Every structure is written in structure tokens, then in C-alpha cells.
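Here the structure is laid out as C-alpha cells; the discussion comes afterwards.
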Amino acid sequence: VVEQVEKKDAGEYTCEAAGQKLNFKLNVIETEAVFSNQEKVQKEVKAVLTQSATLSCEMSQAKTEVKWYKDGKLITASKKVKVESEGKCRRLVVEQVEK
């Protein structure tokens, strides 16, 4: 097990036993963060009954597509719910909030 893999760990590894060899190639890729400024996101939003509520997040790349879910169910845009995308910003606007 190679702990906390870094770019420099990439390469060819060999396991040798009883005169036989088994070669392994380790490729190290960098994962790109999908969300940016996660620490600044308002994760708990309070809304006044009958007013609108906006949930927003910022993506690392402007072309990233998002899906919004409520209680595990996919949300589709409607008169009550608007899904907005502007540059890297993604917003879900719930109109006339109900309990």
C-alpha cells in the first residue's frame, strides 16, 4: 500500500519471488475539485414562509452540469423551483416557500 500517493510515486514496480517477476505500473492522476469555495457556502438557509429561498454553490469550471436533489429525489425546474446557472455559479431558487 502506497500511502498518500504523490506524482513522484508514479512508475513501474516489480514484485519478485522464486526467480519470477510481476510488473506493475502506477499512474498517478490529480483529481480536480468540482466545487470551489466550499468553506464559504451557506449550507443552512432560513427562509420566511411564502418568500423565496436561494441555495447556491460555485463550481471549479463554468461548464460543469449539476443536479439538485431534495430528500434524495431529483428536482426538476417548475414554476415553484428555478435552476439557474451563471458562469461558475449554480443556484436553486424555491419560490413561495412552504412548510
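Letters for chains follow the order of the C-alpha cells (A, B, ...), residue numbers begin at 1 for each chain, and ligand numbers begin at 1 in the order shown.
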If you run DSSP on the backbone, which residues of chain A are helix (DSSP H, G or I), as a PDB file with all heavy atoms, in the first residue's frame?
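Dumped everything to states-v4.pdb:
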ATOM      1  N   LYS A   7       2.748  12.590  -7.144  1.00  0.00           N
ATOM      2  CA  LYS A   7       3.187  12.446  -8.536  1.00  0.00           C
ATOM      3  C   LYS A   7       4.490  11.645  -8.627  1.00  0.00           C
ATOM      4  O   LYS A   7       4.661  10.823  -9.511  1.00  0.00           O
ATOM      5  CB  LYS A   7       3.389  13.816  -9.182  1.00  0.00           C
ATOM      6  CG  LYS A   7       2.119  14.431  -9.703  1.00  0.00           C
ATOM      7  CD  LYS A   7       1.804  13.863 -11.062  1.00  0.00           C
ATOM      8  CE  LYS A   7       0.749  14.685 -11.761  1.00  0.00           C
ATOM      9  NZ  LYS A   7       0.203  13.986 -12.906  1.00  0.00           N
ATOM     10  N   LYS A   8       5.400  11.880  -7.688  1.00  0.00           N
ATOM     11  CA  LYS A   8       6.709  11.220  -7.732  1.00  0.00           C
ATOM     12  C   LYS A   8       6.625   9.710  -7.490  1.00  0.00           C
ATOM     13  O   LYS A   8       7.577   8.985  -7.742  1.00  0.00           O
ATOM     14  CB  LYS A   8       7.667  11.871  -6.730  1.00  0.00           C
ATOM     15  CG  LYS A   8       7.277  11.683  -5.282  1.00  0.00           C
ATOM     16  CD  LYS A   8       8.251  12.374  -4.349  1.00  0.00           C
ATOM     17  CE  LYS A   8       7.850  12.121  -2.901  1.00  0.00           C
ATOM     18  NZ  LYS A   8       8.720  12.839  -1.971  1.00  0.00           N
ATOM     19  N   ASP A   9       5.466   9.206  -7.010  1.00  0.00           N
ATOM     20  CA  ASP A   9       5.293   7.772  -6.771  1.00  0.00           C
ATOM     21  C   ASP A   9       4.960   7.007  -8.051  1.00  0.00           C
ATOM     22  O   ASP A   9       4.997   5.778  -8.073  1.00  0.00           O
ATOM     23  CB  ASP A   9       4.188   7.525  -5.731  1.00  0.00           C
ATOM     24  CG  ASP A   9       4.559   8.090  -4.368  1.00  0.00           C
ATOM     25  OD1 ASP A   9       5.711   7.879  -3.936  1.00  0.00           O
ATOM     26  OD2 ASP A   9       3.705   8.753  -3.750  1.00  0.00           O
ATOM     27  N   GLN A  38     -15.913  25.865  -1.035  1.00  0.00           N
ATOM     28  CA  GLN A  38     -16.876  25.094  -0.235  1.00  0.00           C
ATOM     29  C   GLN A  38     -17.008  25.634   1.182  1.00  0.00           C
ATOM     30  O   GLN A  38     -18.092  25.608   1.765  1.00  0.00           O
ATOM     31  CB  GLN A  38     -16.452  23.622  -0.158  1.00  0.00           C
ATOM     32  CG  GLN A  38     -16.681  22.864  -1.435  1.00  0.00           C
ATOM     33  CD  GLN A  38     -16.448  21.386  -1.237  1.00  0.00           C
ATOM     34  OE1 GLN A  38     -17.091  20.767  -0.398  1.00  0.00           O
ATOM     35  NE2 GLN A  38     -15.534  20.817  -2.001  1.00  0.00           N
ATOM     36  N   GLU A  39     -15.895  26.129   1.721  1.00  0.00           N
ATOM     37  CA  GLU A  39     -15.920  26.618   3.096  1.00  0.00           C
ATOM     38  C   GLU A  39     -16.755  27.885   3.240  1.00  0.00           C
ATOM     39  O   GLU A  39     -17.193  28.235   4.324  1.00  0.00           O
ATOM     40  CB  GLU A  39     -14.498  26.847   3.626  1.00  0.00           C
ATOM     41  CG  GLU A  39     -13.702  27.926   2.916  1.00  0.00           C
ATOM     42  CD  GLU A  39     -13.144  27.546   1.548  1.00  0.00           C
ATOM     43  OE1 GLU A  39     -13.164  26.356   1.173  1.00  0.00           O
ATOM     44  OE2 GLU A  39     -12.701  28.452   0.842  1.00  0.00           O
ATOM     45  N   LYS A  40     -17.006  28.586   2.128  1.00  0.00           N
ATOM     46  CA  LYS A  40     -17.773  29.831   2.182  1.00  0.00           C
ATOM     47  C   LYS A  40     -19.258  29.634   1.875  1.00  0.00           C
ATOM     48  O   LYS A  40     -20.034  30.573   1.958  1.00  0.00           O
ATOM     49  CB  LYS A  40     -17.189  30.844   1.192  1.00  0.00           C
ATOM     50  CG  LYS A  40     -15.785  31.280   1.539  1.00  0.00           C
ATOM     51  CD  LYS A  40     -15.240  32.238   0.507  1.00  0.00           C
ATOM     52  CE  LYS A  40     -13.799  32.600   0.823  1.00  0.00           C
ATOM     53  NZ  LYS A  40     -13.196  33.422  -0.218  1.00  0.00           N
TER      54      LYS A  40
END
May I have the residues within 10 Å of Asn37 in chain A as a PyMOL selection string, using only C-alpha atoms and disregarding those fewer than 5 positions away in the same chain? chain A and resi 57-60
So which one's closest to Val83 in chain A, A:Val48, A:Glu95, A:Val28, A:Gln42? Using only C-alpha atoms, please.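 Once distances to Val83 in chain A are computed over only C-alpha atoms, the minimum belongs to A:Glu95.
Considering the residues A:Val1, A:Val41, A:Val34, A:Val81 and counting only C-alpha atoms, Thr64 in chain A has its shortest atom-to-atom contact with A:Val34.
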Long-range neighbours of Ile29 in chain A as a ChimeraX atom specification, 10 Å cut-off, only C-alpha atoms, 3 positions minimum in chain: /A:5-7,10,26,32
Taking into account only C-alpha atoms, which residue in the set A:Lys63, A:Lys70, A:Lys46, A:Lys21 is nearest to Glu86 in chain A?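 Result for the nearest residue to Glu86 in chain A: A:Lys63.
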Among chain A, which residues does DSSP mark as strand (DSSP E or B) when it is run on the backbone? Keep the chain and numbering as in the structure and answer as JSON, numbers by chain. {"A": [11, 12, 13, 14, 15, 16, 17, 20, 21, 22, 23, 24, 25, 26, 35, 36, 53, 54, 55, 56, 57, 58, 59, 69, 70, 73, 74, 81, 82, 83, 84, 85, 86, 89, 90, 91, 92, 93, 94]}
Keeping only N, CA and C atoms, write those residues as a compact mmCIF listing (two decimals), in the first residue's frame.
# COMPACT_ATOMS: atom_id res chain seq x y z
N GLY A 11 5.26 5.22 -11.56
CA GLY A 11 6.38 4.47 -12.14
C GLY A 11 6.08 2.99 -12.22
N GLU A 12 7.13 2.24 -12.49
CA GLU A 12 6.98 0.80 -12.62
C GLU A 12 7.48 0.12 -11.35
N TYR A 13 6.68 -0.76 -10.82
CA TYR A 13 7.02 -1.51 -9.61
C TYR A 13 7.10 -2.98 -9.98
N THR A 14 7.99 -3.70 -9.33
CA THR A 14 8.17 -5.11 -9.64
C THR A 14 8.13 -5.93 -8.35
N CYS A 15 7.40 -7.04 -8.41
CA CYS A 15 7.37 -7.99 -7.30
C CYS A 15 8.12 -9.23 -7.79
N GLU A 16 9.14 -9.65 -7.04
CA GLU A 16 9.95 -10.79 -7.47
C GLU A 16 9.90 -11.89 -6.41
N ALA A 17 9.67 -13.11 -6.87
CA ALA A 17 9.62 -14.26 -5.96
C ALA A 17 10.02 -15.53 -6.73
N GLN A 20 10.81 -15.37 -10.37
CA GLN A 20 9.81 -14.84 -11.29
C GLN A 20 9.47 -13.42 -10.90
N LYS A 21 9.07 -12.64 -11.91
CA LYS A 21 8.75 -11.24 -11.68
C LYS A 21 7.34 -10.92 -12.14
N LEU A 22 6.73 -10.02 -11.41
CA LEU A 22 5.41 -9.50 -11.80
C LEU A 22 5.54 -7.98 -11.79
N ASN A 23 5.30 -7.36 -12.93
CA ASN A 23 5.46 -5.91 -13.06
C ASN A 23 4.13 -5.18 -12.89
N PHE A 24 4.19 -4.03 -12.26
CA PHE A 24 3.03 -3.17 -12.05
C PHE A 24 3.38 -1.77 -12.52
N LYS A 25 2.43 -1.09 -13.10
CA LYS A 25 2.65 0.30 -13.49
C LYS A 25 1.67 1.16 -12.69
N LEU A 26 2.20 2.12 -11.97
CA LEU A 26 1.37 3.01 -11.16
C LEU A 26 1.29 4.37 -11.85
N PHE A 35 -16.30 21.45 -6.70
CA PHE A 35 -16.82 22.67 -6.07
C PHE A 35 -15.65 23.55 -5.65
N SER A 36 -15.82 24.85 -5.75
CA SER A 36 -14.80 25.75 -5.22
C SER A 36 -15.44 26.58 -4.11
N ALA A 53 -36.41 31.21 -1.39
CA ALA A 53 -35.15 30.81 -0.78
C ALA A 53 -34.18 30.43 -1.90
N THR A 54 -32.93 30.83 -1.76
CA THR A 54 -31.92 30.53 -2.78
C THR A 54 -30.77 29.75 -2.18
N LEU A 55 -30.47 28.62 -2.81
CA LEU A 55 -29.32 27.81 -2.44
C LEU A 55 -28.31 27.99 -3.57
N SER A 56 -27.07 28.28 -3.24
CA SER A 56 -26.10 28.49 -4.31
C SER A 56 -24.75 27.88 -3.98
N CYS A 57 -24.04 27.52 -5.04
CA CYS A 57 -22.69 26.98 -4.90
C CYS A 57 -21.88 27.39 -6.12
N GLU A 58 -20.57 27.36 -5.95
CA GLU A 58 -19.68 27.74 -7.04
C GLU A 58 -18.90 26.52 -7.51
N MET A 59 -18.86 26.35 -8.82
CA MET A 59 -18.16 25.23 -9.43
C MET A 59 -16.73 25.62 -9.78
N TYR A 69 -31.15 17.83 -5.70
CA TYR A 69 -32.00 16.81 -5.09
C TYR A 69 -32.62 17.35 -3.82
N LYS A 70 -33.82 16.89 -3.52
CA LYS A 70 -34.47 17.19 -2.24
C LYS A 70 -34.86 15.86 -1.62
N LYS A 73 -34.54 12.91 -3.87
CA LYS A 73 -35.29 12.87 -5.13
C LYS A 73 -34.84 14.01 -6.04
N LEU A 74 -34.60 13.68 -7.31
CA LEU A 74 -34.16 14.66 -8.29
C LEU A 74 -35.19 15.77 -8.45
N VAL A 81 -39.88 26.04 -8.61
CA VAL A 81 -38.44 25.82 -8.44
C VAL A 81 -37.69 26.22 -9.71
N LYS A 82 -36.71 27.11 -9.54
CA LYS A 82 -35.89 27.54 -10.68
C LYS A 82 -34.46 27.05 -10.48
N VAL A 83 -33.88 26.51 -11.54
CA VAL A 83 -32.49 26.08 -11.52
C VAL A 83 -31.73 27.08 -12.39
N GLU A 84 -30.77 27.78 -11.79
CA GLU A 84 -30.04 28.82 -12.50
C GLU A 84 -28.56 28.49 -12.61
N SER A 85 -27.99 28.90 -13.74
CA SER A 85 -26.57 28.69 -13.99
C SER A 85 -26.01 29.96 -14.60
N GLU A 86 -25.03 30.54 -13.91
CA GLU A 86 -24.43 31.78 -14.38
C GLU A 86 -22.92 31.70 -14.14
N CYS A 89 -21.37 29.88 -11.09
CA CYS A 89 -22.36 29.85 -10.02
C CYS A 89 -23.58 29.01 -10.41
N ARG A 90 -24.03 28.19 -9.48
CA ARG A 90 -25.24 27.38 -9.66
C ARG A 90 -26.20 27.72 -8.53
N ARG A 91 -27.47 27.97 -8.88
CA ARG A 91 -28.46 28.34 -7.87
C ARG A 91 -29.73 27.53 -8.02
N LEU A 92 -30.33 27.25 -6.89
CA LEU A 92 -31.65 26.65 -6.84
C LEU A 92 -32.53 27.65 -6.10
N VAL A 93 -33.54 28.15 -6.77
CA VAL A 93 -34.43 29.14 -6.16
C VAL A 93 -35.80 28.50 -5.95
N VAL A 94 -36.21 28.46 -4.70
CA VAL A 94 -37.52 27.90 -4.35
C VAL A 94 -38.44 29.09 -4.08
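When only C-alpha atoms are used to measure the gap to Lys79 in chain A, the shortest distance among A:Gln4, A:Lys67, A:Gln96, A:Val45 belongs to A:Gln96.
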In Å, how far is it from CA of Val66 in chain A to CA of Lys43 in chain A? 16.5 Å
Quick one: everything within 6 Å of Val97 in chain A, counting only C-alpha atoms, minus sequence neighbours fewer than 2 positions away in the same chain. Send it as a PyMOL selection string. chain A and resi 49-52+95
